[in-house]
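Worksheet: one structure, shown below.
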Amino acid sequence: FKKNDILISLPLSMCILAHRSGAIRGLRGQTDWLWDICGDLRSSVSPEEELEGRGWDVQLALAVLDASIGTSLGGETDEDGAFWDNYAATCLPRPEALTVPFCMRLNEATKGMLQNNEVAEAAIEQQNRLSRLFPLLSNAQSKRSHRITSSSLSTIMIEDLVPTPLQWAFAIVRSRCIQIDNDWFGMLPVIDMANHSQDPNAELNYLSLKQSDNVPILDRTICLCARKDIAQGDEITISYGDNYPNRRLF
């Protein structure tokens, strides 16, 4: 690739997006299962819910749960939904393979294995936050309610090694979500595989559209462009942001 070449072009209509207010876009509907637990994800969260910890990141995790459950709800079309069913099953990390600290079984006896008390305490705090907000998505029984975690249980048959569905989805959001502009965050398939570099060879841009243009978010197309010449076989990297601490990268 040459500098300024477009590596990937992605309509945001096939992505799962969360506004800073918590309103979700990119789902054609919701399962009855998740609707009964968390309500309409298209709505912004209330100030009371936000104070309790239900932010845009949790909302996006809930949307990822429904987009990956196998009922073709991801994106804006039938084709998008089928894509998300396959992408979640084949390209997103398996629950048992996650190394995000809050997906580990942590307590006073085991948190020392992280060798960083601050990381361990933050992980336990996130676990408590998720279970407090949505206990029905955070118990052992819930692991058999979603096809991704249920598949993992069938494979390894050790329940303690499989996070809950909400922990899995939240870990996906925390490790792969990309901020699109000041108010929107998104799960951008394929682009979300790019690792961080302090000297990245690619960057995100809107295709033929200035960020300030008044165009609905789902009508935009985002692209990954080369910042420099990229040789065949080179890894594609992006910047996750300036001053990204090692603890956050971990």
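How things are named: the first chain in the structure tokens is A, the next is B, and so on; residues count from 1 in each chain; ligands count from 1 in the order shown.
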Region 180-196 of chain A surroundings by only C-alpha atoms, 7 Å radius, close-in-sequence under 4 positions cut, as a compact mmCIF listing (two decimals) with all heavy atoms, in the first residue's frame:
# COMPACT_ATOMS: atom_id res chain seq x y z
N CYS A 15 -22.17 -1.28 11.48
CA CYS A 15 -21.45 -1.31 12.75
C CYS A 15 -22.42 -1.16 13.91
O CYS A 15 -23.58 -0.78 13.72
CB CYS A 15 -20.40 -0.20 12.79
SG CYS A 15 -19.21 -0.27 11.43
N ILE A 16 -21.96 -1.44 15.10
CA ILE A 16 -22.76 -1.26 16.31
C ILE A 16 -22.20 -0.05 17.05
O ILE A 16 -21.02 -0.02 17.40
CB ILE A 16 -22.72 -2.50 17.20
CG1 ILE A 16 -23.20 -3.72 16.41
CG2 ILE A 16 -23.60 -2.32 18.43
CD1 ILE A 16 -23.02 -5.02 17.15
N LEU A 17 -23.05 0.94 17.26
CA LEU A 17 -22.59 2.24 17.76
C LEU A 17 -23.31 2.61 19.05
O LEU A 17 -24.47 2.26 19.26
CB LEU A 17 -22.85 3.32 16.71
CG LEU A 17 -22.38 3.05 15.28
CD1 LEU A 17 -22.82 4.17 14.36
CD2 LEU A 17 -20.87 2.87 15.23
N ALA A 18 -22.59 3.35 19.89
CA ALA A 18 -23.18 3.88 21.12
C ALA A 18 -22.89 5.37 21.19
O ALA A 18 -21.74 5.80 21.04
CB ALA A 18 -22.62 3.18 22.34
N HIS A 19 -23.93 6.16 21.41
CA HIS A 19 -23.75 7.58 21.67
C HIS A 19 -23.33 7.76 23.13
O HIS A 19 -23.60 6.90 23.98
CB HIS A 19 -25.07 8.32 21.42
CG HIS A 19 -24.95 9.81 21.44
ND1 HIS A 19 -25.20 10.55 22.58
CD2 HIS A 19 -24.58 10.70 20.47
CE1 HIS A 19 -25.01 11.84 22.30
NE2 HIS A 19 -24.63 11.96 21.04
N ARG A 20 -22.67 8.85 23.40
CA ARG A 20 -22.21 9.11 24.76
C ARG A 20 -23.38 9.09 25.76
O ARG A 20 -23.20 8.79 26.95
CB ARG A 20 -21.50 10.46 24.82
CG ARG A 20 -20.73 10.71 26.10
CD ARG A 20 -19.97 12.02 26.05
NE ARG A 20 -18.90 12.00 25.06
CZ ARG A 20 -17.69 11.50 25.29
NH1 ARG A 20 -17.41 10.96 26.47
NH2 ARG A 20 -16.76 11.54 24.34
N ARG A 176 -11.78 -3.44 22.19
CA ARG A 176 -11.88 -3.29 20.74
C ARG A 176 -12.68 -2.08 20.27
O ARG A 176 -12.62 -1.72 19.09
CB ARG A 176 -12.50 -4.55 20.12
CG ARG A 176 -11.59 -5.77 20.23
CD ARG A 176 -12.16 -6.93 19.44
NE ARG A 176 -11.17 -7.99 19.31
CZ ARG A 176 -10.96 -8.69 18.20
NH1 ARG A 176 -11.65 -8.44 17.12
NH2 ARG A 176 -10.05 -9.64 18.16
N ILE A 236 -0.81 -4.01 10.29
CA ILE A 236 -1.52 -2.74 10.27
C ILE A 236 -1.74 -2.29 11.70
O ILE A 236 -2.33 -3.02 12.51
CB ILE A 236 -2.87 -2.86 9.53
CG1 ILE A 236 -2.66 -3.39 8.11
CG2 ILE A 236 -3.58 -1.52 9.52
CD1 ILE A 236 -1.80 -2.52 7.24
N THR A 237 -1.30 -1.09 12.04
CA THR A 237 -1.44 -0.58 13.40
C THR A 237 -2.09 0.80 13.38
O THR A 237 -2.00 1.53 12.39
CB THR A 237 -0.08 -0.49 14.12
OG1 THR A 237 0.79 0.37 13.36
CG2 THR A 237 0.55 -1.86 14.26
N ILE A 238 -2.75 1.13 14.48
CA ILE A 238 -3.35 2.45 14.66
C ILE A 238 -2.93 2.97 16.03
O ILE A 238 -2.35 2.24 16.83
CB ILE A 238 -4.89 2.40 14.56
CG1 ILE A 238 -5.48 1.48 15.64
CG2 ILE A 238 -5.33 1.97 13.18
CD1 ILE A 238 -7.00 1.45 15.67
N SER A 239 -3.23 4.22 16.30
CA SER A 239 -2.98 4.79 17.63
C SER A 239 -4.27 4.75 18.44
O SER A 239 -5.32 5.18 17.96
CB SER A 239 -2.49 6.23 17.51
OG SER A 239 -2.43 6.83 18.80
N TYR A 240 -4.20 4.22 19.65
CA TYR A 240 -5.36 4.22 20.54
C TYR A 240 -5.53 5.56 21.24
O TYR A 240 -6.50 5.77 21.96
CB TYR A 240 -5.23 3.12 21.59
CG TYR A 240 -5.31 1.71 21.07
CD1 TYR A 240 -5.10 0.63 21.91
CD2 TYR A 240 -5.61 1.44 19.73
CE1 TYR A 240 -5.18 -0.67 21.45
CE2 TYR A 240 -5.69 0.15 19.26
CZ TYR A 240 -5.46 -0.90 20.12
OH TYR A 240 -5.53 -2.20 19.65
Picked from region 7-221 of chain A by DSSP as helix (DSSP H, G or I), as a ChimeraX atom specification: /A:12-14,32-38,47-51,56-67,78-90,95-97,101-103,111-114,117-133,135-137,140-144,147-156,159-161,165-176,191-193,217-219
Any chance you could export the current selection's C-alpha atoms as a tab-separated table (two decimals), in the first residue's frame?
chain	number	residue	atom	x	y	z
A	12	LEU	CA	-21.22	2.70	9.74
A	13	SER	CA	-24.68	1.26	9.08
A	14	MET	CA	-23.18	-2.22	9.48
A	32	ASP	CA	-37.08	-10.68	24.11
A	33	TRP	CA	-34.47	-12.08	26.49
A	34	LEU	CA	-32.40	-8.91	26.57
A	35	TRP	CA	-35.36	-6.54	26.27
A	36	ASP	CA	-36.84	-7.98	29.46
A	37	ILE	CA	-33.53	-7.52	31.28
A	38	CYS	CA	-32.38	-4.09	30.14
A	47	PRO	CA	-29.24	10.40	34.95
A	48	GLU	CA	-30.07	7.96	37.76
A	49	GLU	CA	-28.91	4.97	35.70
A	50	GLU	CA	-25.72	6.78	34.74
A	51	LEU	CA	-24.96	7.49	38.39
A	56	TRP	CA	-22.35	4.05	27.09
A	57	ASP	CA	-19.76	1.27	27.49
A	58	VAL	CA	-22.23	-1.01	29.27
A	59	GLN	CA	-24.91	-0.14	26.71
A	60	LEU	CA	-22.56	-1.08	23.88
A	61	ALA	CA	-21.73	-4.36	25.61
A	62	LEU	CA	-25.44	-5.17	25.85
A	63	ALA	CA	-25.79	-4.43	22.14
A	64	VAL	CA	-22.86	-6.73	21.35
A	65	LEU	CA	-24.64	-9.47	23.29
A	66	ASP	CA	-27.72	-9.22	21.09
A	67	ALA	CA	-25.72	-8.84	17.88
A	78	ASP	CA	-30.34	-8.96	6.83
A	79	GLU	CA	-26.88	-9.24	5.28
A	80	ASP	CA	-25.36	-7.19	8.09
A	81	GLY	CA	-27.06	-9.41	10.65
A	82	ALA	CA	-25.72	-12.59	9.08
A	83	PHE	CA	-22.27	-10.99	8.97
A	84	TRP	CA	-22.36	-10.18	12.70
A	85	ASP	CA	-23.50	-13.72	13.54
A	86	ASN	CA	-20.46	-15.12	11.74
A	87	TYR	CA	-18.03	-12.40	12.86
A	88	ALA	CA	-18.87	-12.88	16.53
A	89	ALA	CA	-18.48	-16.65	16.27
A	90	THR	CA	-15.24	-16.68	14.28
A	95	PRO	CA	-14.60	-16.19	26.32
A	96	GLU	CA	-12.11	-18.66	27.74
A	97	ALA	CA	-9.26	-16.99	25.80
A	101	PRO	CA	-8.44	-8.87	34.31
A	102	PHE	CA	-12.14	-8.38	35.12
A	103	CYS	CA	-12.93	-11.64	33.28
A	111	LYS	CA	-5.88	-11.22	42.94
A	112	GLY	CA	-2.17	-11.36	43.79
A	113	MET	CA	-1.53	-13.29	40.57
A	114	LEU	CA	-1.94	-10.04	38.63
A	117	ASN	CA	-2.92	-4.36	43.27
A	118	GLU	CA	-4.33	-1.32	41.44
A	119	VAL	CA	-5.23	-3.41	38.39
A	120	ALA	CA	-6.75	-6.12	40.59
A	121	GLU	CA	-8.88	-3.67	42.58
A	122	ALA	CA	-10.11	-1.99	39.38
A	123	ALA	CA	-11.01	-5.39	37.90
A	124	ILE	CA	-13.00	-6.38	40.98
A	125	GLU	CA	-14.75	-3.01	40.90
A	126	GLN	CA	-15.78	-3.61	37.26
A	127	GLN	CA	-17.05	-7.10	38.13
A	128	ASN	CA	-19.13	-5.66	40.96
A	129	ARG	CA	-20.44	-2.89	38.70
A	130	LEU	CA	-21.70	-5.34	36.07
A	131	SER	CA	-23.25	-7.76	38.54
A	132	ARG	CA	-24.94	-4.89	40.40
A	133	LEU	CA	-26.44	-3.48	37.19
A	135	PRO	CA	-27.42	-9.74	37.98
A	136	LEU	CA	-29.28	-11.94	35.48
A	137	LEU	CA	-26.40	-11.51	33.02
A	140	ALA	CA	-23.44	-18.86	36.49
A	141	GLN	CA	-26.78	-19.74	34.90
A	142	SER	CA	-26.47	-16.86	32.41
A	143	LYS	CA	-23.44	-18.54	30.82
A	144	ARG	CA	-25.80	-21.08	29.24
A	147	ARG	CA	-24.52	-19.07	22.41
A	148	ILE	CA	-20.95	-17.76	22.75
A	149	THR	CA	-20.44	-18.56	26.44
A	150	SER	CA	-22.56	-21.71	26.18
A	151	SER	CA	-20.30	-22.96	23.39
A	152	SER	CA	-17.25	-22.32	25.54
A	153	LEU	CA	-18.77	-24.27	28.42
A	154	SER	CA	-19.48	-27.18	26.10
A	155	THR	CA	-15.87	-27.12	24.90
A	156	ILE	CA	-13.86	-26.81	28.10
A	159	GLU	CA	-17.28	-23.15	34.50
A	160	ASP	CA	-14.79	-21.01	36.41
A	161	LEU	CA	-12.73	-20.49	33.23
A	165	PRO	CA	-21.97	-13.21	28.88
A	166	LEU	CA	-21.90	-9.60	30.08
A	167	GLN	CA	-18.26	-9.87	31.18
A	168	TRP	CA	-17.35	-11.28	27.76
A	169	ALA	CA	-19.21	-8.57	25.84
A	170	PHE	CA	-17.87	-5.81	28.11
A	171	ALA	CA	-14.32	-7.11	27.60
A	172	ILE	CA	-14.87	-7.00	23.83
A	173	VAL	CA	-16.01	-3.37	24.10
A	174	ARG	CA	-13.19	-2.31	26.42
A	175	SER	CA	-10.51	-3.91	24.26
A	176	ARG	CA	-11.88	-3.29	20.74
A	191	ILE	CA	-10.79	-2.52	11.89
A	192	ASP	CA	-11.14	-3.50	15.55
A	193	MET	CA	-8.36	-6.07	15.07
A	217	ILE	CA	-24.04	8.80	11.86
A	218	LEU	CA	-25.43	5.70	10.11
A	219	ASP	CA	-25.15	7.40	6.71
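The residue set within 12 Å of Asp242 (chain A), counting only C-alpha atoms and dropping same-chain residues fewer than 5 places from it, reads A:His196, A:Ser197, A:Gln198, A:Asp199, A:Pro200.
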Shortest interatomic distance to Asp229 (chain A) - which of A:Pro216, A:Asn201, A:Ile8, A:Leu207, counting only C-alpha atoms: A:Asn201
Selected residue, from A:Ser9, A:Ser46, A:Ser138, A:Gln30, that lies nearest to Gly70 (chain A) when counting only C-alpha atoms: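 That would be A:Gln30, the residue with the smallest distance to Gly70 (chain A).
If you look at CA of Glu235 (chain A) and CA of Ile222 (chain A), they are 19.9 Å away from each other.
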Name the residues of region 147-221 of chain A that fall into strand (DSSP E) according to DSSP on the backbone, using the chain letters and numbers of this document, as a PDB file with all heavy atoms, in the first residue's frame.
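This went into result19.pdb:
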ATOM      1  N   ILE A 178     -13.819   1.589  19.334  1.00  0.00           N
ATOM      2  CA  ILE A 178     -13.086   2.716  18.782  1.00  0.00           C
ATOM      3  C   ILE A 178     -13.951   3.977  18.886  1.00  0.00           C
ATOM      4  O   ILE A 178     -15.133   3.946  18.530  1.00  0.00           O
ATOM      5  CB  ILE A 178     -12.697   2.460  17.314  1.00  0.00           C
ATOM      6  CG1 ILE A 178     -11.712   1.290  17.226  1.00  0.00           C
ATOM      7  CG2 ILE A 178     -12.103   3.716  16.669  1.00  0.00           C
ATOM      8  CD1 ILE A 178     -11.384   0.856  15.815  1.00  0.00           C
ATOM      9  N   GLN A 179     -13.375   5.054  19.388  1.00  0.00           N
ATOM     10  CA  GLN A 179     -14.092   6.323  19.427  1.00  0.00           C
ATOM     11  C   GLN A 179     -14.091   6.924  18.033  1.00  0.00           C
ATOM     12  O   GLN A 179     -13.047   7.143  17.425  1.00  0.00           O
ATOM     13  CB  GLN A 179     -13.460   7.288  20.426  1.00  0.00           C
ATOM     14  CG  GLN A 179     -14.255   8.572  20.582  1.00  0.00           C
ATOM     15  CD  GLN A 179     -13.821   9.410  21.776  1.00  0.00           C
ATOM     16  OE1 GLN A 179     -12.878   9.051  22.483  1.00  0.00           O
ATOM     17  NE2 GLN A 179     -14.504  10.516  22.008  1.00  0.00           N
ATOM     18  N   TRP A 184     -19.561   9.621  19.684  1.00  0.00           N
ATOM     19  CA  TRP A 184     -19.914   8.281  19.220  1.00  0.00           C
ATOM     20  C   TRP A 184     -18.752   7.306  19.394  1.00  0.00           C
ATOM     21  O   TRP A 184     -17.601   7.643  19.133  1.00  0.00           O
ATOM     22  CB  TRP A 184     -20.340   8.306  17.753  1.00  0.00           C
ATOM     23  CG  TRP A 184     -21.695   8.895  17.524  1.00  0.00           C
ATOM     24  CD1 TRP A 184     -21.978  10.177  17.137  1.00  0.00           C
ATOM     25  CD2 TRP A 184     -22.953   8.234  17.672  1.00  0.00           C
ATOM     26  NE1 TRP A 184     -23.334  10.356  17.039  1.00  0.00           N
ATOM     27  CE2 TRP A 184     -23.963   9.173  17.360  1.00  0.00           C
ATOM     28  CE3 TRP A 184     -23.332   6.943  18.031  1.00  0.00           C
ATOM     29  CZ2 TRP A 184     -25.324   8.863  17.397  1.00  0.00           C
ATOM     30  CZ3 TRP A 184     -24.684   6.623  18.071  1.00  0.00           C
ATOM     31  CH2 TRP A 184     -25.666   7.571  17.758  1.00  0.00           C
ATOM     32  N   PHE A 185     -19.115   6.094  19.827  1.00  0.00           N
ATOM     33  CA  PHE A 185     -18.160   5.002  19.999  1.00  0.00           C
ATOM     34  C   PHE A 185     -18.709   3.799  19.240  1.00  0.00           C
ATOM     35  O   PHE A 185     -19.934   3.614  19.166  1.00  0.00           O
ATOM     36  CB  PHE A 185     -17.997   4.654  21.479  1.00  0.00           C
ATOM     37  CG  PHE A 185     -17.624   5.827  22.341  1.00  0.00           C
ATOM     38  CD1 PHE A 185     -18.612   6.693  22.821  1.00  0.00           C
ATOM     39  CD2 PHE A 185     -16.310   6.073  22.669  1.00  0.00           C
ATOM     40  CE1 PHE A 185     -18.277   7.783  23.616  1.00  0.00           C
ATOM     41  CE2 PHE A 185     -15.963   7.158  23.461  1.00  0.00           C
ATOM     42  CZ  PHE A 185     -16.940   8.016  23.931  1.00  0.00           C
ATOM     43  N   GLY A 186     -17.821   2.988  18.675  1.00  0.00           N
ATOM     44  CA  GLY A 186     -18.342   1.918  17.843  1.00  0.00           C
ATOM     45  C   GLY A 186     -17.514   0.657  17.836  1.00  0.00           C
ATOM     46  O   GLY A 186     -16.302   0.670  18.072  1.00  0.00           O
ATOM     47  N   MET A 187     -18.207  -0.439  17.541  1.00  0.00           N
ATOM     48  CA  MET A 187     -17.575  -1.702  17.217  1.00  0.00           C
ATOM     49  C   MET A 187     -17.462  -1.755  15.701  1.00  0.00           C
ATOM     50  O   MET A 187     -18.471  -1.869  14.999  1.00  0.00           O
ATOM     51  CB  MET A 187     -18.405  -2.865  17.742  1.00  0.00           C
ATOM     52  CG  MET A 187     -18.543  -2.903  19.258  1.00  0.00           C
ATOM     53  SD  MET A 187     -16.960  -3.077  20.110  1.00  0.00           S
ATOM     54  CE  MET A 187     -16.380  -4.627  19.419  1.00  0.00           C
ATOM     55  N   ASN A 195      -3.856  -3.407  16.178  1.00  0.00           N
ATOM     56  CA  ASN A 195      -3.179  -3.158  17.445  1.00  0.00           C
ATOM     57  C   ASN A 195      -2.685  -1.716  17.530  1.00  0.00           C
ATOM     58  O   ASN A 195      -2.600  -1.008  16.521  1.00  0.00           O
ATOM     59  CB  ASN A 195      -2.001  -4.125  17.616  1.00  0.00           C
ATOM     60  CG  ASN A 195      -2.460  -5.516  18.016  1.00  0.00           C
ATOM     61  OD1 ASN A 195      -3.385  -5.671  18.806  1.00  0.00           O
ATOM     62  ND2 ASN A 195      -1.804  -6.529  17.469  1.00  0.00           N
ATOM     63  N   HIS A 196      -2.332  -1.323  18.753  1.00  0.00           N
ATOM     64  CA  HIS A 196      -1.842   0.033  19.016  1.00  0.00           C
ATOM     65  C   HIS A 196      -0.360   0.149  18.700  1.00  0.00           C
ATOM     66  O   HIS A 196       0.433  -0.781  18.904  1.00  0.00           O
ATOM     67  CB  HIS A 196      -2.077   0.385  20.486  1.00  0.00           C
ATOM     68  CG  HIS A 196      -1.388   1.641  20.928  1.00  0.00           C
ATOM     69  ND1 HIS A 196      -1.830   2.893  20.570  1.00  0.00           N
ATOM     70  CD2 HIS A 196      -0.275   1.826  21.696  1.00  0.00           C
ATOM     71  CE1 HIS A 196      -1.032   3.805  21.106  1.00  0.00           C
ATOM     72  NE2 HIS A 196      -0.087   3.181  21.792  1.00  0.00           N
ATOM     73  N   ALA A 202      -1.396   3.411  10.026  1.00  0.00           N
ATOM     74  CA  ALA A 202      -2.739   3.636   9.489  1.00  0.00           C
ATOM     75  C   ALA A 202      -3.528   4.520  10.445  1.00  0.00           C
ATOM     76  O   ALA A 202      -3.198   4.640  11.627  1.00  0.00           O
ATOM     77  CB  ALA A 202      -3.458   2.309   9.267  1.00  0.00           C
ATOM     78  N   GLU A 203      -4.585   5.138   9.923  1.00  0.00           N
ATOM     79  CA  GLU A 203      -5.452   5.985  10.738  1.00  0.00           C
ATOM     80  C   GLU A 203      -6.858   5.968  10.164  1.00  0.00           C
ATOM     81  O   GLU A 203      -7.070   5.644   8.989  1.00  0.00           O
ATOM     82  CB  GLU A 203      -4.917   7.424  10.769  1.00  0.00           C
ATOM     83  CG  GLU A 203      -4.873   8.099   9.411  1.00  0.00           C
ATOM     84  CD  GLU A 203      -4.240   9.475   9.466  1.00  0.00           C
ATOM     85  OE1 GLU A 203      -3.907   9.942  10.573  1.00  0.00           O
ATOM     86  OE2 GLU A 203      -4.082  10.089   8.393  1.00  0.00           O
ATOM     87  N   LEU A 204      -7.827   6.335  11.014  1.00  0.00           N
ATOM     88  CA  LEU A 204      -9.224   6.367  10.603  1.00  0.00           C
ATOM     89  C   LEU A 204      -9.599   7.725  10.036  1.00  0.00           C
ATOM     90  O   LEU A 204      -9.194   8.760  10.564  1.00  0.00           O
ATOM     91  CB  LEU A 204     -10.138   6.048  11.791  1.00  0.00           C
ATOM     92  CG  LEU A 204     -10.138   4.614  12.291  1.00  0.00           C
ATOM     93  CD1 LEU A 204     -10.969   4.506  13.556  1.00  0.00           C
ATOM     94  CD2 LEU A 204     -10.675   3.660  11.235  1.00  0.00           C
ATOM     95  N   ASN A 205     -10.393   7.701   8.980  1.00  0.00           N
ATOM     96  CA  ASN A 205     -10.937   8.927   8.395  1.00  0.00           C
ATOM     97  C   ASN A 205     -12.336   8.639   7.874  1.00  0.00           C
ATOM     98  O   ASN A 205     -12.677   7.495   7.549  1.00  0.00           O
ATOM     99  CB  ASN A 205     -10.071   9.426   7.227  1.00  0.00           C
ATOM    100  CG  ASN A 205      -8.758  10.045   7.691  1.00  0.00           C
ATOM    101  OD1 ASN A 205      -8.753  10.995   8.448  1.00  0.00           O
ATOM    102  ND2 ASN A 205      -7.660   9.469   7.237  1.00  0.00           N
ATOM    103  N   TYR A 206     -13.144   9.685   7.795  1.00  0.00           N
ATOM    104  CA  TYR A 206     -14.414   9.547   7.090  1.00  0.00           C
ATOM    105  C   TYR A 206     -14.154   9.622   5.595  1.00  0.00           C
ATOM    106  O   TYR A 206     -13.277  10.356   5.131  1.00  0.00           O
ATOM    107  CB  TYR A 206     -15.400  10.650   7.499  1.00  0.00           C
ATOM    108  CG  TYR A 206     -15.995  10.441   8.870  1.00  0.00           C
ATOM    109  CD1 TYR A 206     -15.807  11.382   9.881  1.00  0.00           C
ATOM    110  CD2 TYR A 206     -16.734   9.310   9.152  1.00  0.00           C
ATOM    111  CE1 TYR A 206     -16.351  11.200  11.136  1.00  0.00           C
ATOM    112  CE2 TYR A 206     -17.281   9.117  10.399  1.00  0.00           C
ATOM    113  CZ  TYR A 206     -17.092  10.063  11.390  1.00  0.00           C
ATOM    114  OH  TYR A 206     -17.628   9.868  12.624  1.00  0.00           O
ATOM    115  N   THR A 221     -19.549   6.733   6.074  1.00  0.00           N
ATOM    116  CA  THR A 221     -18.629   5.624   5.793  1.00  0.00           C
ATOM    117  C   THR A 221     -17.271   5.984   6.377  1.00  0.00           C
ATOM    118  O   THR A 221     -16.777   7.088   6.163  1.00  0.00           O
ATOM    119  CB  THR A 221     -18.500   5.380   4.279  1.00  0.00           C
ATOM    120  OG1 THR A 221     -19.767   4.960   3.771  1.00  0.00           O
ATOM    121  CG2 THR A 221     -17.463   4.299   3.990  1.00  0.00           C
TER     122      THR A 221
END
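Taking CA of Gly26 (chain A) and CA of Cys91 (chain A) as endpoints, the distance between them is 18.7 Å.
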Top pick for closest residue to Thr31 (chain A), considering A:Arg220, A:His146, A:Lys2, A:Arg227 and counting only C-alpha atoms: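 Going through A:Arg220, A:His146, A:Lys2, A:Arg227 one by one, the smallest distance to Thr31 (chain A) is for A:His146.
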